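Structure data (PDB, C-alpha atoms) from final02.pdb:
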```
ATOM      1  CA  MET W1227      77.755 138.435 106.210  1.00  0.00           C
ATOM      2  CA  GLU W1228      80.176 136.792 108.619  1.00  0.00           C
ATOM      3  CA  LEU W1229      83.741 136.288 107.372  1.00  0.00           C
ATOM      4  CA  LYS W1230      85.947 133.613 108.920  1.00  0.00           C
ATOM      5  CA  ILE W1231      89.593 133.303 107.905  1.00  0.00           C
ATOM      6  CA  HIS W1232      91.461 130.136 108.830  1.00  0.00           C
ATOM      7  CA  ALA W1233      95.162 129.819 108.090  1.00  0.00           C
ATOM      8  CA  ARG W1234      97.594 126.922 108.215  1.00  0.00           C
ATOM      9  CA  ASN W1235     101.304 127.667 107.786  1.00  0.00           C
ATOM     10  CA  VAL W1236     100.357 131.200 106.682  1.00  0.00           C
ATOM     11  CA  ASP W1237     100.909 134.436 108.566  1.00  0.00           C
ATOM     12  CA  VAL W1238      97.732 136.478 108.105  1.00  0.00           C
ATOM     13  CA  THR W1239      99.221 139.942 107.864  1.00  0.00           C
ATOM     14  CA  ALA W1240      97.122 143.087 107.887  1.00  0.00           C
ATOM     15  CA  GLN W1241      97.706 143.395 104.138  1.00  0.00           C
ATOM     16  CA  LEU W1242      96.489 139.840 103.493  1.00  0.00           C
ATOM     17  CA  GLN W1243      93.498 140.369 105.814  1.00  0.00           C
ATOM     18  CA  ASP W1244      92.539 143.560 103.929  1.00  0.00           C
ATOM     19  CA  HIS W1245      92.933 141.806 100.566  1.00  0.00           C
ATOM     20  CA  VAL W1246      90.670 138.943 101.659  1.00  0.00           C
ATOM     21  CA  GLU W1247      88.036 141.285 103.126  1.00  0.00           C
ATOM     22  CA  LYS W1248      88.049 143.516 100.041  1.00  0.00           C
ATOM     23  CA  LYS W1249      87.657 140.610  97.604  1.00  0.00           C
ATOM     24  CA  VAL W1250      85.145 138.606  99.629  1.00  0.00           C
ATOM     25  CA  SER W1251      82.919 141.589 100.416  1.00  0.00           C
ATOM     26  CA  LYS W1252      82.065 141.818  96.697  1.00  0.00           C
ATOM     27  CA  LEU W1253      80.422 138.379  96.757  1.00  0.00           C
ATOM     28  CA  ASP W1254      77.382 139.826  98.539  1.00  0.00           C
ATOM     29  CA  ARG W1255      76.576 141.889  95.439  1.00  0.00           C
ATOM     30  CA  TYR W1256      76.316 138.823  93.230  1.00  0.00           C
ATOM     31  CA  LEU W1257      74.686 136.469  95.729  1.00  0.00           C
ATOM     32  CA  PRO W1258      72.453 138.151  98.340  1.00  0.00           C
ATOM     33  CA  ASN W1259      71.586 136.602 101.694  1.00  0.00           C
ATOM     34  CA  ILE W1260      75.087 135.270 102.324  1.00  0.00           C
ATOM     35  CA  GLN W1261      75.210 134.164 105.916  1.00  0.00           C
ATOM     36  CA  GLU W1262      78.835 133.078 106.198  1.00  0.00           C
ATOM     37  CA  VAL W1263      82.007 133.019 104.112  1.00  0.00           C
ATOM     38  CA  ARG W1264      84.861 130.826 105.270  1.00  0.00           C
ATOM     39  CA  VAL W1265      88.279 131.393 103.727  1.00  0.00           C
ATOM     40  CA  ASP W1266      90.873 128.692 104.323  1.00  0.00           C
ATOM     41  CA  LEU W1267      94.437 129.634 103.417  1.00  0.00           C
ATOM     42  CA  ALA W1268      97.337 127.206 103.627  1.00  0.00           C
ATOM     43  CA  ILE W1269     100.859 126.695 102.403  1.00  0.00           C
ATOM     44  CA  GLU W1270     102.074 123.139 101.957  1.00  0.00           C
ATOM     45  CA  ARG W1271     105.772 122.451 101.860  1.00  0.00           C
ATOM     46  CA  ARG W1272     106.618 120.215  98.915  1.00  0.00           C
ATOM     47  CA  LYS W1273     109.596 117.958  98.389  1.00  0.00           C
ATOM     48  CA  GLN W1274     110.016 119.286  94.845  1.00  0.00           C
ATOM     49  CA  GLY W1275     111.086 122.676  96.223  1.00  0.00           C
ATOM     50  CA  LEU W1276     108.296 125.164  95.500  1.00  0.00           C
ATOM     51  CA  ASP W1277     105.673 125.645  98.179  1.00  0.00           C
ATOM     52  CA  GLN W1278     102.062 125.115  97.177  1.00  0.00           C
ATOM     53  CA  CYS W1279      99.532 127.758  98.249  1.00  0.00           C
ATOM     54  CA  ILE W1280      95.947 126.670  98.798  1.00  0.00           C
ATOM     55  CA  ALA W1281      92.928 128.958  98.963  1.00  0.00           C
ATOM     56  CA  GLN W1282      89.471 127.535  99.621  1.00  0.00           C
ATOM     57  CA  LEU W1283      86.218 129.493  99.828  1.00  0.00           C
ATOM     58  CA  THR W1284      83.012 128.151 101.327  1.00  0.00           C
ATOM     59  CA  VAL W1285      79.883 130.316 101.049  1.00  0.00           C
ATOM     60  CA  ARG W1286      76.663 129.561 102.935  1.00  0.00           C
ATOM     61  CA  ASN W1287      73.482 131.523 102.416  1.00  0.00           C
ATOM     62  CA  THR W1288      70.342 131.723 104.520  1.00  0.00           C
ATOM     63  CA  ARG W1289      68.513 129.167 102.328  1.00  0.00           C
ATOM     64  CA  GLY W1290      71.043 126.454 103.185  1.00  0.00           C
ATOM     65  CA  VAL W1291      72.957 126.545  99.905  1.00  0.00           C
ATOM     66  CA  ILE W1292      76.671 125.811 100.189  1.00  0.00           C
ATOM     67  CA  LEU W1293      79.033 126.847  97.392  1.00  0.00           C
ATOM     68  CA  ARG W1294      82.708 125.906  97.476  1.00  0.00           C
ATOM     69  CA  SER W1295      85.754 126.669  95.364  1.00  0.00           C
ATOM     70  CA  GLU W1296      89.417 125.852  95.763  1.00  0.00           C
ATOM     71  CA  GLU W1297      92.743 126.603  94.098  1.00  0.00           C
ATOM     72  CA  LYS W1298      95.873 124.569  94.795  1.00  0.00           C
ATOM     73  CA  ARG W1299      98.274 125.115  91.925  1.00  0.00           C
ATOM     74  CA  GLN W1300      99.767 128.494  92.822  1.00  0.00           C
ATOM     75  CA  THR W1301     102.977 129.509  94.551  1.00  0.00           C
ATOM     76  CA  ASP W1302     101.526 132.877  95.655  1.00  0.00           C
ATOM     77  CA  ILE W1303      98.716 133.040  98.237  1.00  0.00           C
ATOM     78  CA  TYR W1304      97.226 136.176  96.653  1.00  0.00           C
ATOM     79  CA  ALA W1305      97.056 134.527  93.214  1.00  0.00           C
ATOM     80  CA  ALA W1306      95.504 131.397  94.721  1.00  0.00           C
ATOM     81  CA  LEU W1307      92.841 133.511  96.442  1.00  0.00           C
ATOM     82  CA  ASP W1308      92.026 135.436  93.256  1.00  0.00           C
ATOM     83  CA  ILE W1309      91.666 132.241  91.208  1.00  0.00           C
ATOM     84  CA  ALA W1310      89.482 130.660  93.914  1.00  0.00           C
ATOM     85  CA  LEU W1311      87.265 133.770  93.775  1.00  0.00           C
ATOM     86  CA  ASP W1312      86.974 133.461  89.988  1.00  0.00           C
ATOM     87  CA  LYS W1313      85.898 129.844  90.476  1.00  0.00           C
ATOM     88  CA  MET W1314      83.353 131.023  93.066  1.00  0.00           C
ATOM     89  CA  TYR W1315      81.896 133.442  90.513  1.00  0.00           C
ATOM     90  CA  ARG W1316      81.386 130.481  88.170  1.00  0.00           C
ATOM     91  CA  GLN W1317      79.717 128.552  91.017  1.00  0.00           C
ATOM     92  CA  ILE W1318      77.392 131.502  91.602  1.00  0.00           C
ATOM     93  CA  GLN W1319      76.632 131.647  87.864  1.00  0.00           C
ATOM     94  CA  ARG W1320      75.667 127.951  87.931  1.00  0.00           C
ATOM     95  CA  TYR W1321      73.521 128.539  90.994  1.00  0.00           C
ATOM     96  CA  LYS W1322      71.746 131.423  89.246  1.00  0.00           C
ATOM     97  CA  GLY W1323      71.159 129.158  86.248  1.00  0.00           C
ATOM     98  CA  LYS W1324      69.207 126.746  88.442  1.00  0.00           C
ATOM     99  CA  ARG W1325      66.284 129.171  88.377  1.00  0.00           C
ATOM    100  CA  LYS W1326      65.604 128.020  84.828  1.00  0.00           C
ATOM    101  CA  ARG W1327      64.940 124.482  85.965  1.00  0.00           C
ATOM    102  CA  LYS W1328      61.479 123.369  86.913  1.00  0.00           C
ATOM    103  CA  GLY W1329      60.459 123.911  90.508  1.00  0.00           C
ATOM    104  CA  THR W1330      62.708 126.099  92.596  1.00  0.00           C
ATOM    105  CA  GLY W1331      62.589 123.862  95.680  1.00  0.00           C
ATOM    106  CA  ARG W1332      64.604 124.533  98.790  1.00  0.00           C
ATOM    107  CA  PHE W1333      67.786 125.574  96.974  1.00  0.00           C
ATOM    108  CA  GLY W1334      66.180 127.448  94.094  1.00  0.00           C
ATOM    109  CA  VAL W1335      66.464 131.160  93.546  1.00  0.00           C
ATOM    110  CA  THR W1336      63.395 133.335  94.128  1.00  0.00           C
ATOM    111  CA  GLU W1337      62.494 136.230  91.827  1.00  0.00           C
ATOM    112  CA  ALA W1338      63.165 138.730  94.646  1.00  0.00           C
ATOM    113  CA  GLU W1339      66.674 137.338  95.076  1.00  0.00           C
ATOM    114  CA  LEU W1340      67.275 137.506  91.328  1.00  0.00           C
ATOM    115  CA  ALA W1341      66.269 141.144  91.275  1.00  0.00           C
ATOM    116  CA  ALA W1342      68.745 141.933  94.061  1.00  0.00           C
ATOM    117  CA  MET W1343      71.670 140.199  92.338  1.00  0.00           C
ATOM    118  CA  GLU W1344      74.085 142.238  90.272  1.00  0.00           C
ATOM    119  CA  PRO W1345      75.434 140.760  87.060  1.00  0.00           C
ATOM    120  CA  LEU W1346      78.679 138.891  87.531  1.00  0.00           C
ATOM    121  CA  PRO W1347      81.965 140.278  86.209  1.00  0.00           C
ATOM    122  CA  LEU W1348      81.972 140.310  82.405  1.00  0.00           C
ATOM    123  CA  GLU W1349      84.566 137.605  81.749  1.00  0.00           C
ATOM    124  CA  VAL W1350      82.627 135.109  83.890  1.00  0.00           C
ATOM    125  CA  GLU W1351      79.180 136.015  82.611  1.00  0.00           C
ATOM    126  CA  GLU W1352      80.101 135.344  78.965  1.00  0.00           C
ATOM    127  CA  GLU W1353      80.707 131.651  79.600  1.00  0.00           C
ATOM    128  CA  GLU W1354      77.860 129.447  78.450  1.00  0.00           C
ATOM    129  CA  GLU W1355      76.404 127.094  80.986  1.00  0.00           C
ATOM    130  CA  GLU W1356      76.693 123.464  80.030  1.00  0.00           C
ATOM    131  CA  LYS W1357      73.460 121.507  79.973  1.00  0.00           C
ATOM    132  CA  LEU W1358      74.130 118.454  82.107  1.00  0.00           C
ATOM    133  CA  ALA W1359      71.755 115.592  82.611  1.00  0.00           C
ATOM    134  CA  ILE W1360      71.664 112.302  84.454  1.00  0.00           C
ATOM    135  CA  VAL W1361      72.601 109.790  81.787  1.00  0.00           C
ATOM    136  CA  ARG W1362      72.721 106.598  83.814  1.00  0.00           C
ATOM    137  CA  ARG W1363      71.153 105.095  86.914  1.00  0.00           C
ATOM    138  CA  LYS W1364      72.574 102.064  88.599  1.00  0.00           C
ATOM    139  CA  GLN W1365      71.249  99.925  91.417  1.00  0.00           C
ATOM    140  CA  ILE W1366      73.744  98.344  93.764  1.00  0.00           C
ATOM    141  CA  ALA W1367      73.484  95.622  96.373  1.00  0.00           C
ATOM    142  CA  LEU W1368      74.691  96.791  99.769  1.00  0.00           C
ATOM    143  CA  VAL W1369      76.508  94.007 101.544  1.00  0.00           C
ATOM    144  CA  PRO W1370      77.420  94.625 105.200  1.00  0.00           C
ATOM    145  CA  MET W1371      81.191  95.070 105.524  1.00  0.00           C
ATOM    146  CA  SER W1372      83.822  96.877 107.562  1.00  0.00           C
ATOM    147  CA  GLU W1373      85.594 100.016 106.363  1.00  0.00           C
ATOM    148  CA  ASP W1374      88.760  97.993 105.679  1.00  0.00           C
ATOM    149  CA  GLU W1375      86.791  95.552 103.518  1.00  0.00           C
ATOM    150  CA  ALA W1376      85.246  98.513 101.680  1.00  0.00           C
ATOM    151  CA  ILE W1377      88.731  99.918 100.964  1.00  0.00           C
ATOM    152  CA  ASP W1378      89.812  96.541  99.599  1.00  0.00           C
ATOM    153  CA  GLN W1379      86.685  96.292  97.439  1.00  0.00           C
ATOM    154  CA  MET W1380      87.146  99.836  96.098  1.00  0.00           C
ATOM    155  CA  GLU W1381      90.786  99.090  95.228  1.00  0.00           C
ATOM    156  CA  LEU W1382      89.786  95.863  93.465  1.00  0.00           C
ATOM    157  CA  LEU W1383      87.220  97.755  91.379  1.00  0.00           C
ATOM    158  CA  GLY W1384      89.662 100.595  90.635  1.00  0.00           C
ATOM    159  CA  HIS W1385      87.120 103.257  91.591  1.00  0.00           C
ATOM    160  CA  ASP W1386      87.641 106.567  93.399  1.00  0.00           C
ATOM    161  CA  PHE W1387      84.602 105.986  95.621  1.00  0.00           C
ATOM    162  CA  PHE W1388      82.568 103.068  96.931  1.00  0.00           C
ATOM    163  CA  VAL W1389      79.088 102.913  98.503  1.00  0.00           C
ATOM    164  CA  PHE W1390      78.763 100.304 101.237  1.00  0.00           C
ATOM    165  CA  TYR W1391      76.694  99.272 104.254  1.00  0.00           C
ATOM    166  CA  ASN W1392      78.902  99.694 107.315  1.00  0.00           C
ATOM    167  CA  ALA W1393      78.431  96.618 109.512  1.00  0.00           C
ATOM    168  CA  GLU W1394      79.905  98.413 112.541  1.00  0.00           C
ATOM    169  CA  THR W1395      77.597 101.455 112.476  1.00  0.00           C
ATOM    170  CA  ALA W1396      74.619  99.889 110.652  1.00  0.00           C
ATOM    171  CA  ARG W1397      74.581 102.842 108.238  1.00  0.00           C
ATOM    172  CA  VAL W1398      75.226 103.434 104.582  1.00  0.00           C
ATOM    173  CA  GLY W1399      78.562 105.096 103.888  1.00  0.00           C
ATOM    174  CA  VAL W1400      80.472 106.399 100.900  1.00  0.00           C
ATOM    175  CA  LEU W1401      84.178 105.683 100.954  1.00  0.00           C
ATOM    176  CA  TYR W1402      86.317 107.945  98.765  1.00  0.00           C
ATOM    177  CA  ARG W1403      89.960 108.510  97.976  1.00  0.00           C
ATOM    178  CA  ARG W1404      91.301 111.922  99.003  1.00  0.00           C
ATOM    179  CA  GLU W1405      93.835 113.874  96.966  1.00  0.00           C
ATOM    180  CA  ASP W1406      96.503 113.228  99.598  1.00  0.00           C
ATOM    181  CA  GLY W1407      96.134 109.465  99.023  1.00  0.00           C
ATOM    182  CA  ASN W1408      94.224 108.753 102.239  1.00  0.00           C
ATOM    183  CA  TYR W1409      90.553 107.823 102.471  1.00  0.00           C
ATOM    184  CA  GLY W1410      87.424 109.559 103.694  1.00  0.00           C
ATOM    185  CA  VAL W1411      83.975 108.257 104.573  1.00  0.00           C
ATOM    186  CA  LEU W1412      80.749 110.158 104.033  1.00  0.00           C
ATOM    187  CA  GLU W1413      77.953 109.100 106.355  1.00  0.00           C
ATOM    188  CA  PRO W1414      74.595 110.494 105.202  1.00  0.00           C
ATOM    189  CA  GLU W1415      72.281 111.930 107.813  1.00  0.00           C
ATOM    190  CA  ALA W1416      68.732 113.091 107.098  1.00  0.00           C
ATOM    191  CA  ILE W1417      67.966 116.632 108.239  1.00  0.00           C
TER
END
```
Now, as a test, write the supplied structure out as structure tokens.
Amino acid sequence: MELKIHARNVDVTAQLQDHVEKKVSKLDRYLPNIQEVRVDLAIERRKQGLDQCIAQLTVRNTRGVILRSEEKRQTDIYAALDIALDKMYRQIQRYKGKRKRKGTGRFGVTEAELAAMEPLPLEVEEEEEEKLAIVRRKQIALVPMSEDEAIDQMELLGHDFFVFYNAETARVGVLYRREDGNYGVLEPEAI
């Protein structure tokens, strides 16, 4: 398992490095075949006075599964990391629950992998998994437009995202509003 730590406005001291390595190394017990773990740590200066610590974990395994968790509401980087790890345990629990669905597919869990996984920490394992289903399908007409026109259309609809056909790139894109108030565009690419 390869561990990458990226920091923004944070001094990664030896103590913080050891804390991250100690906590993240336990993930391999609960989810085998982890290829890479990326830990992003940041401190954002806020006008209200208290700094906001952000910890984000991204786990990739050899089957191509990507799990991600993030915590933003803490003033201590250690607390933010611990809460992000707890969220990651819940992500792993959901991933393990996928084995119950029909057909394992590319991202399913094999029986050999299940046998190698240790049970998750007790407080996470007791949570019941919600049974979610697709409850609505909607067909949309894709009209060629620029990204600026897509932003205007999304604002008029009052949505947080908007699917459009980008006239400049001749591709389908998904425009979305980011938490910082700016916009992002997802451009699907078949692998």
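Picture a line from CA of Gln1282 (chain W) to CA of Ala1268 (chain W); it runs 8.8 Å.
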On this structure, the PyMOL selection byres ((chain W and resi 1289-1305) around 10) would catch which residues? List them as a PyMOL selection string, sorted by chain and number.
chain W and resi 1236+1242+1245-1246+1259-1270+1276-1288+1306-1318+1321+1332-1335
Interatomic distance (Å, one decimal) between CA of Leu1368 (chain W) and CA of Arg1403 (chain W)
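Answer for the CA of Leu1368 (chain W) to CA of Arg1403 (chain W) separation: 19.3 Å.
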Spatial neighbours of Gly1410 (chain W), max dist 12 Å, all atoms listed in the file, sep filter under 2 positions, as a list in words:
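Returned residues: Glu1373, Asp1374, Ala1376, Ile1377, Asp1386, Phe1387, Phe1388, Val1389, Gly1399, Val1400, Leu1401, Tyr1402, Arg1403, Arg1404, Glu1405, Asp1406, Gly1407, Asn1408, Leu1412 and Glu1413 of chain W.
Reported to one decimal place, the separation of CA of Ile1366 (chain W) from CA of Pro1414 (chain W) is 16.7 Å.
Using all atoms listed in the file for every distance, the candidate list W:Ala1393, W:Met1227, W:Val1398, W:Ala1367 yields W:Val1398 as the residue closest to Val1411 (chain W).
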Work out where the centre of an axis-aligned box around every listed atom of region 1240-1247 of chain W lies and how long its edges are once 8 Å is added on each side; give both in Å to one decimal as AutoDock Vina command-line options.
```
--center_x 92.9 --center_y 141.3 --center_z 104.2 --size_x 25.7 --size_y 20.6 --size_z 23.3
```
Rebuild region 1247-1281 of chain W to N, CA and C atoms - output it as a PDB file, in the frame of the given file, please.
```
ATOM      1  N   GLU W1247      89.286 140.582 102.828  1.00  0.00           N
ATOM      2  CA  GLU W1247      88.036 141.285 103.126  1.00  0.00           C
ATOM      3  C   GLU W1247      87.532 142.065 101.924  1.00  0.00           C
ATOM      4  N   LYS W1248      88.435 142.727 101.204  1.00  0.00           N
ATOM      5  CA  LYS W1248      88.049 143.516 100.041  1.00  0.00           C
ATOM      6  C   LYS W1248      87.450 142.627  98.950  1.00  0.00           C
ATOM      7  N   LYS W1249      88.120 141.511  98.668  1.00  0.00           N
ATOM      8  CA  LYS W1249      87.657 140.610  97.604  1.00  0.00           C
ATOM      9  C   LYS W1249      86.368 139.889  97.981  1.00  0.00           C
ATOM     10  N   VAL W1250      86.297 139.402  99.206  1.00  0.00           N
ATOM     11  CA  VAL W1250      85.145 138.606  99.629  1.00  0.00           C
ATOM     12  C   VAL W1250      83.905 139.474  99.815  1.00  0.00           C
ATOM     13  N   SER W1251      84.079 140.721 100.200  1.00  0.00           N
ATOM     14  CA  SER W1251      82.919 141.589 100.416  1.00  0.00           C
ATOM     15  C   SER W1251      82.132 141.818  99.130  1.00  0.00           C
ATOM     16  N   LYS W1252      82.752 141.646  97.980  1.00  0.00           N
ATOM     17  CA  LYS W1252      82.065 141.818  96.697  1.00  0.00           C
ATOM     18  C   LYS W1252      81.101 140.672  96.393  1.00  0.00           C
ATOM     19  N   LEU W1253      81.291 139.529  97.026  1.00  0.00           N
ATOM     20  CA  LEU W1253      80.422 138.379  96.757  1.00  0.00           C
ATOM     21  C   LEU W1253      78.964 138.679  97.096  1.00  0.00           C
ATOM     22  N   ASP W1254      78.741 139.517  98.107  1.00  0.00           N
ATOM     23  CA  ASP W1254      77.382 139.826  98.539  1.00  0.00           C
ATOM     24  C   ASP W1254      76.588 140.535  97.451  1.00  0.00           C
ATOM     25  N   ARG W1255      77.277 141.215  96.544  1.00  0.00           N
ATOM     26  CA  ARG W1255      76.576 141.889  95.439  1.00  0.00           C
ATOM     27  C   ARG W1255      75.997 140.900  94.447  1.00  0.00           C
ATOM     28  N   TYR W1256      76.711 139.794  94.242  1.00  0.00           N
ATOM     29  CA  TYR W1256      76.316 138.823  93.230  1.00  0.00           C
ATOM     30  C   TYR W1256      75.427 137.721  93.779  1.00  0.00           C
ATOM     31  N   LEU W1257      75.498 137.490  95.080  1.00  0.00           N
ATOM     32  CA  LEU W1257      74.686 136.469  95.729  1.00  0.00           C
ATOM     33  C   LEU W1257      74.183 137.033  97.054  1.00  0.00           C
ATOM     34  N   PRO W1258      72.958 137.576  97.086  1.00  0.00           N
ATOM     35  CA  PRO W1258      72.453 138.151  98.340  1.00  0.00           C
ATOM     36  C   PRO W1258      72.153 137.057  99.368  1.00  0.00           C
ATOM     37  N   ASN W1259      71.938 137.481 100.577  1.00  0.00           N
ATOM     38  CA  ASN W1259      71.586 136.602 101.694  1.00  0.00           C
ATOM     39  C   ASN W1259      72.721 135.658 102.080  1.00  0.00           C
ATOM     40  N   ILE W1260      73.965 136.083 101.878  1.00  0.00           N
ATOM     41  CA  ILE W1260      75.087 135.270 102.324  1.00  0.00           C
ATOM     42  C   ILE W1260      75.154 135.369 103.842  1.00  0.00           C
ATOM     43  N   GLN W1261      75.171 134.222 104.468  1.00  0.00           N
ATOM     44  CA  GLN W1261      75.210 134.164 105.916  1.00  0.00           C
ATOM     45  C   GLN W1261      76.657 134.098 106.411  1.00  0.00           C
ATOM     46  N   GLU W1262      77.470 133.285 105.738  1.00  0.00           N
ATOM     47  CA  GLU W1262      78.835 133.078 106.198  1.00  0.00           C
ATOM     48  C   GLU W1262      79.748 132.790 105.018  1.00  0.00           C
ATOM     49  N   VAL W1263      80.958 133.339 105.072  1.00  0.00           N
ATOM     50  CA  VAL W1263      82.007 133.019 104.112  1.00  0.00           C
ATOM     51  C   VAL W1263      83.211 132.557 104.915  1.00  0.00           C
ATOM     52  N   ARG W1264      83.666 131.363 104.607  1.00  0.00           N
ATOM     53  CA  ARG W1264      84.861 130.826 105.270  1.00  0.00           C
ATOM     54  C   ARG W1264      85.987 130.785 104.244  1.00  0.00           C
ATOM     55  N   VAL W1265      87.102 131.372 104.594  1.00  0.00           N
ATOM     56  CA  VAL W1265      88.279 131.393 103.727  1.00  0.00           C
ATOM     57  C   VAL W1265      89.368 130.599 104.428  1.00  0.00           C
ATOM     58  N   ASP W1266      89.785 129.511 103.791  1.00  0.00           N
ATOM     59  CA  ASP W1266      90.873 128.692 104.323  1.00  0.00           C
ATOM     60  C   ASP W1266      92.107 128.942 103.466  1.00  0.00           C
ATOM     61  N   LEU W1267      93.175 129.371 104.104  1.00  0.00           N
ATOM     62  CA  LEU W1267      94.437 129.634 103.417  1.00  0.00           C
ATOM     63  C   LEU W1267      95.499 128.713 104.014  1.00  0.00           C
ATOM     64  N   ALA W1268      96.302 128.108 103.139  1.00  0.00           N
ATOM     65  CA  ALA W1268      97.337 127.206 103.627  1.00  0.00           C
ATOM     66  C   ALA W1268      98.520 127.214 102.665  1.00  0.00           C
ATOM     67  N   ILE W1269      99.668 126.909 103.213  1.00  0.00           N
ATOM     68  CA  ILE W1269     100.859 126.695 102.403  1.00  0.00           C
ATOM     69  C   ILE W1269     101.385 125.313 102.767  1.00  0.00           C
ATOM     70  N   GLU W1270     101.531 124.475 101.743  1.00  0.00           N
ATOM     71  CA  GLU W1270     102.074 123.139 101.957  1.00  0.00           C
ATOM     72  C   GLU W1270     103.494 123.100 101.431  1.00  0.00           C
ATOM     73  N   ARG W1271     104.380 122.605 102.259  1.00  0.00           N
ATOM     74  CA  ARG W1271     105.772 122.451 101.860  1.00  0.00           C
ATOM     75  C   ARG W1271     105.879 121.205 100.987  1.00  0.00           C
ATOM     76  N   ARG W1272     106.515 121.338  99.844  1.00  0.00           N
ATOM     77  CA  ARG W1272     106.618 120.215  98.915  1.00  0.00           C
ATOM     78  C   ARG W1272     108.061 119.772  98.792  1.00  0.00           C
ATOM     79  N   LYS W1273     108.249 118.512  98.547  1.00  0.00           N
ATOM     80  CA  LYS W1273     109.596 117.958  98.389  1.00  0.00           C
ATOM     81  C   LYS W1273     110.260 118.470  97.109  1.00  0.00           C
ATOM     82  N   GLN W1274     109.469 118.835  96.113  1.00  0.00           N
ATOM     83  CA  GLN W1274     110.016 119.286  94.845  1.00  0.00           C
ATOM     84  C   GLN W1274     110.648 120.677  94.938  1.00  0.00           C
ATOM     85  N   GLY W1275     110.449 121.383  96.033  1.00  0.00           N
ATOM     86  CA  GLY W1275     111.086 122.676  96.223  1.00  0.00           C
ATOM     87  C   GLY W1275     110.108 123.823  96.388  1.00  0.00           C
ATOM     88  N   LEU W1276     109.227 124.041  95.423  1.00  0.00           N
ATOM     89  CA  LEU W1276     108.296 125.164  95.500  1.00  0.00           C
ATOM     90  C   LEU W1276     107.154 124.841  96.451  1.00  0.00           C
ATOM     91  N   ASP W1277     106.816 125.812  97.280  1.00  0.00           N
ATOM     92  CA  ASP W1277     105.673 125.645  98.179  1.00  0.00           C
ATOM     93  C   ASP W1277     104.385 125.775  97.378  1.00  0.00           C
ATOM     94  N   GLN W1278     103.368 125.092  97.837  1.00  0.00           N
ATOM     95  CA  GLN W1278     102.062 125.115  97.177  1.00  0.00           C
ATOM     96  C   GLN W1278     101.087 125.877  98.058  1.00  0.00           C
ATOM     97  N   CYS W1279     100.511 126.953  97.515  1.00  0.00           N
ATOM     98  CA  CYS W1279      99.532 127.758  98.249  1.00  0.00           C
ATOM     99  C   CYS W1279      98.132 127.266  97.925  1.00  0.00           C
ATOM    100  N   ILE W1280      97.315 127.164  98.951  1.00  0.00           N
ATOM    101  CA  ILE W1280      95.947 126.670  98.798  1.00  0.00           C
ATOM    102  C   ILE W1280      94.986 127.716  99.337  1.00  0.00           C
ATOM    103  N   ALA W1281      93.997 128.050  98.526  1.00  0.00           N
ATOM    104  CA  ALA W1281      92.928 128.958  98.963  1.00  0.00           C
ATOM    105  C   ALA W1281      91.602 128.252  98.713  1.00  0.00           C
TER     106      ALA W1281
END
```
